[in-house]
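Peer 1: Data file start_10.csv (CSV, C-alpha atoms (C1' of nucleotides)) is appended below.
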```csv
chain,number,residue,atom,x,y,z
A,1,MET,CA,18.2,26.5,29.0
A,2,GLN,CA,19.6,23.4,27.4
A,3,ARG,CA,18.2,24.5,24.1
A,4,PHE,CA,20.2,27.7,24.2
A,5,GLU,CA,23.4,25.9,24.7
A,6,GLU,CA,22.8,24.0,21.4
A,7,VAL,CA,21.9,27.2,19.6
A,8,TYR,CA,25.1,28.9,20.8
A,9,GLU,CA,27.1,25.9,19.6
A,10,VAL,CA,25.7,26.0,16.1
A,11,VAL,CA,26.0,29.8,15.8
A,12,LYS,CA,29.7,29.5,16.9
A,13,LEU,CA,30.2,27.0,14.1
A,14,ILE,CA,29.1,29.4,11.4
A,15,PRO,CA,32.2,30.0,9.2
A,16,LYS,CA,33.4,33.6,8.8
A,17,GLY,CA,31.9,35.2,5.7
A,18,ARG,CA,28.8,33.0,5.9
A,19,ALA,CA,25.4,33.5,7.5
A,20,THR,CA,22.3,31.4,8.3
A,21,SER,CA,18.7,31.8,9.3
A,22,TYR,CA,16.8,31.3,12.6
A,23,GLY,CA,14.7,28.7,10.9
A,24,ALA,CA,17.7,26.7,9.7
A,25,ILE,CA,19.1,26.5,13.2
A,26,ALA,CA,15.6,25.7,14.5
A,27,LYS,CA,15.2,22.9,12.1
A,28,TYR,CA,18.7,21.5,12.9
A,29,LEU,CA,17.8,21.5,16.6
A,30,ASN,CA,14.4,20.3,15.8
A,31,THR,CA,12.7,23.2,17.5
A,32,GLY,CA,10.8,26.4,16.8
A,33,ALA,CA,12.4,29.4,15.0
A,34,ARG,CA,11.2,31.8,17.6
A,35,LEU,CA,13.2,30.0,20.2
A,36,VAL,CA,16.3,30.6,18.2
A,37,GLY,CA,15.7,34.4,18.2
A,38,TRP,CA,14.8,34.1,21.9
A,39,ALA,CA,18.2,32.4,22.5
A,40,MET,CA,20.0,35.2,20.7
A,41,ASN,CA,18.3,37.7,22.9
A,42,ALA,CA,19.5,35.7,25.9
A,43,ALA,CA,23.0,35.4,24.5
A,44,HIS,CA,23.1,39.2,23.9
A,45,GLY,CA,26.6,40.1,24.8
A,46,LEU,CA,27.0,37.3,27.4
A,47,LEU,CA,28.9,34.9,25.2
A,48,ASP,CA,31.1,35.0,22.1
A,49,VAL,CA,28.1,34.3,19.9
A,50,PRO,CA,28.4,35.8,16.4
A,51,ALA,CA,24.7,36.7,16.4
A,52,HIS,CA,25.3,39.0,13.4
A,53,ARG,CA,25.7,35.9,11.2
A,54,VAL,CA,22.2,34.9,12.1
A,55,VAL,CA,19.5,36.7,10.1
A,56,ASN,CA,15.9,35.9,9.0
A,57,ARG,CA,15.2,33.8,6.0
A,58,ASN,CA,15.4,36.7,3.6
A,59,GLY,CA,18.9,37.7,4.8
A,60,ILE,CA,17.4,40.8,6.5
A,61,LEU,CA,19.1,42.1,9.7
A,62,THR,CA,16.0,41.9,11.7
A,63,GLY,CA,17.8,41.9,15.0
A,64,LYS,CA,20.2,44.8,14.4
A,65,LEU,CA,18.3,46.9,16.9
A,66,HIS,CA,19.4,44.5,19.6
A,67,PHE,CA,23.1,45.2,19.1
A,68,GLU,CA,25.2,47.8,20.8
A,69,SER,CA,24.2,50.2,18.0
A,70,PRO,CA,21.8,49.8,15.1
A,71,THR,CA,24.7,49.9,12.7
A,72,LYS,CA,27.0,47.5,14.5
A,73,MET,CA,25.5,44.3,13.0
A,74,GLN,CA,25.9,45.7,9.4
A,75,GLU,CA,29.4,46.8,10.1
A,76,LEU,CA,30.4,43.4,11.4
A,77,LEU,CA,28.9,41.7,8.4
A,78,GLU,CA,30.5,44.1,5.9
A,79,ALA,CA,33.8,43.5,7.7
A,80,GLU,CA,33.5,39.9,6.9
A,81,GLY,CA,33.0,40.5,3.2
A,82,HIS,CA,29.2,40.7,2.9
A,83,THR,CA,27.4,43.4,1.1
A,84,ILE,CA,24.4,45.0,2.9
A,85,LYS,CA,21.8,47.0,1.0
A,86,GLU,CA,18.6,48.3,2.7
A,87,ASP,CA,19.4,46.2,5.8
A,88,LYS,CA,19.6,42.9,3.9
A,89,ILE,CA,22.5,40.7,2.7
A,90,LEU,CA,22.9,40.7,-1.0
A,91,LYS,CA,23.6,37.3,-2.6
A,92,PHE,CA,22.4,35.8,0.7
A,93,LYS,CA,21.7,32.5,-1.1
A,94,GLU,CA,25.4,32.2,-2.0
A,95,ILE,CA,26.8,32.8,1.5
A,96,TYR,CA,24.0,30.9,3.1
A,97,TRP,CA,25.2,28.3,5.6
A,98,ASP,CA,22.7,25.6,6.5
A,99,PRO,CA,23.7,23.5,9.6
A,100,VAL,CA,21.4,20.7,8.5
A,101,ILE,CA,23.4,20.4,5.3
A,102,GLU,CA,26.9,21.5,6.4
A,103,LEU,CA,26.9,19.6,9.6
A,104,ASP,CA,24.7,17.0,8.1
A,105,ILE,CA,23.0,15.5,11.1
B,1,DA,C1',-2.6,25.0,33.5
B,2,DC,C1',-3.6,29.5,30.9
B,3,DC,C1',-2.1,33.8,28.7
B,4,DA,C1',1.2,37.0,26.8
B,5,DT,C1',5.5,37.9,24.5
B,6,DG,C1',9.3,37.5,21.0
B,7,DA,C1',16.1,38.8,17.0
B,8,DC,C1',10.8,33.6,13.2
B,9,DT,C1',8.3,31.3,9.1
B,10,DA,C1',4.6,30.2,5.8
B,11,DT,C1',0.7,31.3,3.4
B,12,DA,C1',-2.9,34.3,1.9
B,13,DA,C1',-5.2,38.5,0.6
C,1,DC,C1',4.6,46.9,0.0
C,2,DT,C1',1.4,45.9,4.5
C,3,DT,C1',-1.9,42.9,7.5
C,4,DA,C1',-3.7,39.0,9.2
C,5,DT,C1',-3.6,34.1,10.7
C,6,DA,C1',-1.6,30.2,12.2
C,7,DG,C1',2.3,27.3,13.7
C,8,DC,C1',6.3,27.2,16.3
C,9,DC,C1',8.6,26.8,21.5
C,10,DA,C1',10.9,28.5,26.0
C,11,DT,C1',10.2,31.8,29.6
C,12,DG,C1',7.6,34.5,33.0
C,13,DG,C1',3.5,36.2,35.4
```
What is this structure when it is put down as structure tokens?

Peer 2:
Amino acid sequence: MQRFEEVYEVVKLIPKGRATSYGAIAKYLNTGARLVGWAMNAAHGLLDVPAHRVVNRNGILTGKLHFESPTKMQELLEAEGHTIKEDKILKFKEIYWDPVIELDI
DNA sequence: ACCATGACTATAA
DNA sequence: CTTATAGCCATGG
């Protein structure tokens, strides 16, 4: 459980209009990427965790099916200024937010 | 302790 | 594009 807390903290720190990947968070916490996704699943609606800002390394909304509705995640991202095409964030590299760099351990 | 599972990632074919 | 393999780590049976 302690790991989840850290994951939540990092996700909450993601600036609006930015997004990161499971792997980046995993690296920052020095853990596995799958655990991050697992944490998101556990955080599902329980906390104020902007899970929509966390996508896979390609900027694809792999976890959209876990939201209230399959389109909710995309809508939230578009509402923050992102452009979604075929379930993936365009110019993902430009809005990418890496905790390892931004928070600089 | 072992095995299966998963919102992942990397590499290979 | 799809599969397969392997590594990753917490949780549950």

Peer 1: May I have the residues of chain A within 12 Å of chain B, counting all atoms listed in the file, written as a PyMOL selection string?

Peer 2: chain A and resi 21-27+31-44+51-58+60-67+73

Peer 1: To one decimal in Å, tell me the separation between atom CA of A:Ile101 and atom CA of A:Leu29.

Peer 2: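 Distance reported for this atom pair: 12.7 Å.
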
Peer 1: Expressed in Å to a single decimal, how great is the separation between atom CA of A:Gln74 and atom CA of A:Asp87?

Peer 2: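 Separation between atom CA of A:Gln74 and atom CA of A:Asp87: 7.4 Å.
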
Peer 1: Provide as a ChimeraX atom specification the residues of chain C at most 9 Å from chain A, counting all atoms listed in the file.

Peer 2: /C:8-10

Peer 1: May I have the residues at most 12 Å from (8.2, 47.8, -2.3) in the file's coordinates, counting only C-alpha atoms (C1' of nucleotides), as a list in words?

Peer 2: Glu86 of chain A; DC1 and DT2 of chain C

Peer 1: Would you work out the distance separating atom CA of A:Asn30 from atom CA of A:Val49, expressed in Å to one decimal?

Peer 2: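 Taking atom CA of A:Asn30 and atom CA of A:Val49, their separation equals 20.0 Å.
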
Peer 1: So, counting all atoms listed in the file, which residue among A:Leu13, A:Leu46, A:Val7, A:Ala19 is closest to A:Phe92?

Peer 2: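 Under the stated criterion, the closest residue is A:Ala19.
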
Peer 1: Starting from the incomplete input, reconstruct N, CA and C atoms of stretch 68-104 of chain A and write that as a PDB file, keeping the file's coordinate frame.

Peer 2:
```
ATOM      1  N   GLU A  68      24.745  46.637  20.062  1.00  0.00           N
ATOM      2  CA  GLU A  68      25.200  47.800  20.800  1.00  0.00           C
ATOM      3  C   GLU A  68      24.707  49.082  20.116  1.00  0.00           C
ATOM      4  N   SER A  69      24.778  49.067  18.781  1.00  0.00           N
ATOM      5  CA  SER A  69      24.200  50.200  18.000  1.00  0.00           C
ATOM      6  C   SER A  69      23.578  49.612  16.771  1.00  0.00           C
ATOM      7  N   PRO A  70      22.551  50.280  16.260  1.00  0.00           N
ATOM      8  CA  PRO A  70      21.800  49.800  15.100  1.00  0.00           C
ATOM      9  C   PRO A  70      22.636  49.513  13.872  1.00  0.00           C
ATOM     10  N   THR A  71      23.847  50.070  13.833  1.00  0.00           N
ATOM     11  CA  THR A  71      24.700  49.900  12.700  1.00  0.00           C
ATOM     12  C   THR A  71      25.792  48.838  12.889  1.00  0.00           C
ATOM     13  N   LYS A  72      25.929  48.428  14.147  1.00  0.00           N
ATOM     14  CA  LYS A  72      27.000  47.500  14.500  1.00  0.00           C
ATOM     15  C   LYS A  72      26.902  46.172  13.726  1.00  0.00           C
ATOM     16  N   MET A  73      25.715  45.610  13.653  1.00  0.00           N
ATOM     17  CA  MET A  73      25.500  44.300  13.000  1.00  0.00           C
ATOM     18  C   MET A  73      25.947  44.424  11.494  1.00  0.00           C
ATOM     19  N   GLN A  74      25.510  45.485  10.832  1.00  0.00           N
ATOM     20  CA  GLN A  74      25.900  45.700   9.400  1.00  0.00           C
ATOM     21  C   GLN A  74      27.358  45.826   9.245  1.00  0.00           C
ATOM     22  N   GLU A  75      27.968  46.594  10.130  1.00  0.00           N
ATOM     23  CA  GLU A  75      29.400  46.800  10.100  1.00  0.00           C
ATOM     24  C   GLU A  75      30.179  45.523  10.216  1.00  0.00           C
ATOM     25  N   LEU A  76      29.746  44.701  11.164  1.00  0.00           N
ATOM     26  CA  LEU A  76      30.400  43.400  11.400  1.00  0.00           C
ATOM     27  C   LEU A  76      30.309  42.536  10.154  1.00  0.00           C
ATOM     28  N   LEU A  77      29.135  42.510   9.549  1.00  0.00           N
ATOM     29  CA  LEU A  77      28.900  41.700   8.400  1.00  0.00           C
ATOM     30  C   LEU A  77      29.763  42.204   7.183  1.00  0.00           C
ATOM     31  N   GLU A  78      29.766  43.514   6.989  1.00  0.00           N
ATOM     32  CA  GLU A  78      30.500  44.100   5.900  1.00  0.00           C
ATOM     33  C   GLU A  78      32.022  43.826   6.096  1.00  0.00           C
ATOM     34  N   ALA A  79      32.420  43.794   7.373  1.00  0.00           N
ATOM     35  CA  ALA A  79      33.800  43.500   7.700  1.00  0.00           C
ATOM     36  C   ALA A  79      34.204  42.100   7.358  1.00  0.00           C
ATOM     37  N   GLU A  80      33.205  41.254   7.181  1.00  0.00           N
ATOM     38  CA  GLU A  80      33.500  39.900   6.900  1.00  0.00           C
ATOM     39  C   GLU A  80      33.273  39.593   5.361  1.00  0.00           C
ATOM     40  N   GLY A  81      33.087  40.661   4.620  1.00  0.00           N
ATOM     41  CA  GLY A  81      33.000  40.500   3.200  1.00  0.00           C
ATOM     42  C   GLY A  81      31.595  40.522   2.598  1.00  0.00           C
ATOM     43  N   HIS A  82      30.604  40.739   3.433  1.00  0.00           N
ATOM     44  CA  HIS A  82      29.200  40.700   2.900  1.00  0.00           C
ATOM     45  C   HIS A  82      28.875  42.121   2.386  1.00  0.00           C
ATOM     46  N   THR A  83      27.828  42.179   1.611  1.00  0.00           N
ATOM     47  CA  THR A  83      27.400  43.400   1.100  1.00  0.00           C
ATOM     48  C   THR A  83      25.932  43.665   1.557  1.00  0.00           C
ATOM     49  N   ILE A  84      25.754  44.735   2.315  1.00  0.00           N
ATOM     50  CA  ILE A  84      24.400  45.000   2.900  1.00  0.00           C
ATOM     51  C   ILE A  84      23.762  46.150   2.104  1.00  0.00           C
ATOM     52  N   LYS A  85      22.513  45.948   1.757  1.00  0.00           N
ATOM     53  CA  LYS A  85      21.800  47.000   1.000  1.00  0.00           C
ATOM     54  C   LYS A  85      20.354  47.004   1.609  1.00  0.00           C
ATOM     55  N   GLU A  86      19.972  48.151   2.145  1.00  0.00           N
ATOM     56  CA  GLU A  86      18.600  48.300   2.700  1.00  0.00           C
ATOM     57  C   GLU A  86      18.448  47.246   3.846  1.00  0.00           C
ATOM     58  N   ASP A  87      19.457  47.080   4.678  1.00  0.00           N
ATOM     59  CA  ASP A  87      19.400  46.200   5.800  1.00  0.00           C
ATOM     60  C   ASP A  87      19.288  44.677   5.456  1.00  0.00           C
ATOM     61  N   LYS A  88      19.626  44.348   4.201  1.00  0.00           N
ATOM     62  CA  LYS A  88      19.600  42.900   3.900  1.00  0.00           C
ATOM     63  C   LYS A  88      20.871  42.526   3.135  1.00  0.00           C
ATOM     64  N   ILE A  89      21.247  41.264   3.324  1.00  0.00           N
ATOM     65  CA  ILE A  89      22.500  40.700   2.700  1.00  0.00           C
ATOM     66  C   ILE A  89      22.246  40.380   1.259  1.00  0.00           C
ATOM     67  N   LEU A  90      23.038  40.987   0.374  1.00  0.00           N
ATOM     68  CA  LEU A  90      22.900  40.700  -1.000  1.00  0.00           C
ATOM     69  C   LEU A  90      23.568  39.324  -1.291  1.00  0.00           C
ATOM     70  N   LYS A  91      23.085  38.611  -2.293  1.00  0.00           N
ATOM     71  CA  LYS A  91      23.600  37.300  -2.600  1.00  0.00           C
ATOM     72  C   LYS A  91      23.568  36.387  -1.376  1.00  0.00           C
ATOM     73  N   PHE A  92      22.550  36.578  -0.576  1.00  0.00           N
ATOM     74  CA  PHE A  92      22.400  35.800   0.700  1.00  0.00           C
ATOM     75  C   PHE A  92      22.418  34.292   0.359  1.00  0.00           C
ATOM     76  N   LYS A  93      21.811  33.926  -0.715  1.00  0.00           N
ATOM     77  CA  LYS A  93      21.700  32.500  -1.100  1.00  0.00           C
ATOM     78  C   LYS A  93      23.124  31.897  -1.289  1.00  0.00           C
ATOM     79  N   GLU A  94      24.060  32.737  -1.747  1.00  0.00           N
ATOM     80  CA  GLU A  94      25.400  32.200  -2.000  1.00  0.00           C
ATOM     81  C   GLU A  94      26.234  32.049  -0.743  1.00  0.00           C
ATOM     82  N   ILE A  95      25.993  32.893   0.238  1.00  0.00           N
ATOM     83  CA  ILE A  95      26.800  32.800   1.500  1.00  0.00           C
ATOM     84  C   ILE A  95      25.969  32.065   2.566  1.00  0.00           C
ATOM     85  N   TYR A  96      24.795  31.621   2.194  1.00  0.00           N
ATOM     86  CA  TYR A  96      24.000  30.900   3.100  1.00  0.00           C
ATOM     87  C   TYR A  96      24.623  29.627   3.648  1.00  0.00           C
ATOM     88  N   TRP A  97      24.549  29.457   4.943  1.00  0.00           N
ATOM     89  CA  TRP A  97      25.200  28.300   5.600  1.00  0.00           C
ATOM     90  C   TRP A  97      24.095  27.536   6.364  1.00  0.00           C
ATOM     91  N   ASP A  98      23.726  26.365   5.880  1.00  0.00           N
ATOM     92  CA  ASP A  98      22.700  25.600   6.500  1.00  0.00           C
ATOM     93  C   ASP A  98      23.280  24.448   7.360  1.00  0.00           C
ATOM     94  N   PRO A  99      23.142  24.503   8.675  1.00  0.00           N
ATOM     95  CA  PRO A  99      23.700  23.500   9.600  1.00  0.00           C
ATOM     96  C   PRO A  99      23.167  22.083   9.240  1.00  0.00           C
ATOM     97  N   VAL A 100      21.933  22.001   8.797  1.00  0.00           N
ATOM     98  CA  VAL A 100      21.400  20.700   8.500  1.00  0.00           C
ATOM     99  C   VAL A 100      22.141  20.054   7.311  1.00  0.00           C
ATOM    100  N   ILE A 101      22.665  20.917   6.407  1.00  0.00           N
ATOM    101  CA  ILE A 101      23.400  20.400   5.300  1.00  0.00           C
ATOM    102  C   ILE A 101      24.922  20.342   5.569  1.00  0.00           C
ATOM    103  N   GLU A 102      25.461  21.455   6.062  1.00  0.00           N
ATOM    104  CA  GLU A 102      26.900  21.500   6.400  1.00  0.00           C
ATOM    105  C   GLU A 102      27.333  20.582   7.458  1.00  0.00           C
ATOM    106  N   LEU A 103      26.542  20.488   8.490  1.00  0.00           N
ATOM    107  CA  LEU A 103      26.900  19.600   9.600  1.00  0.00           C
ATOM    108  C   LEU A 103      26.298  18.239   9.385  1.00  0.00           C
ATOM    109  N   ASP A 104      25.310  18.201   8.477  1.00  0.00           N
ATOM    110  CA  ASP A 104      24.700  17.000   8.100  1.00  0.00           C
ATOM    111  C   ASP A 104      24.456  16.014   9.274  1.00  0.00           C
TER     112      ASP A 104
END
```
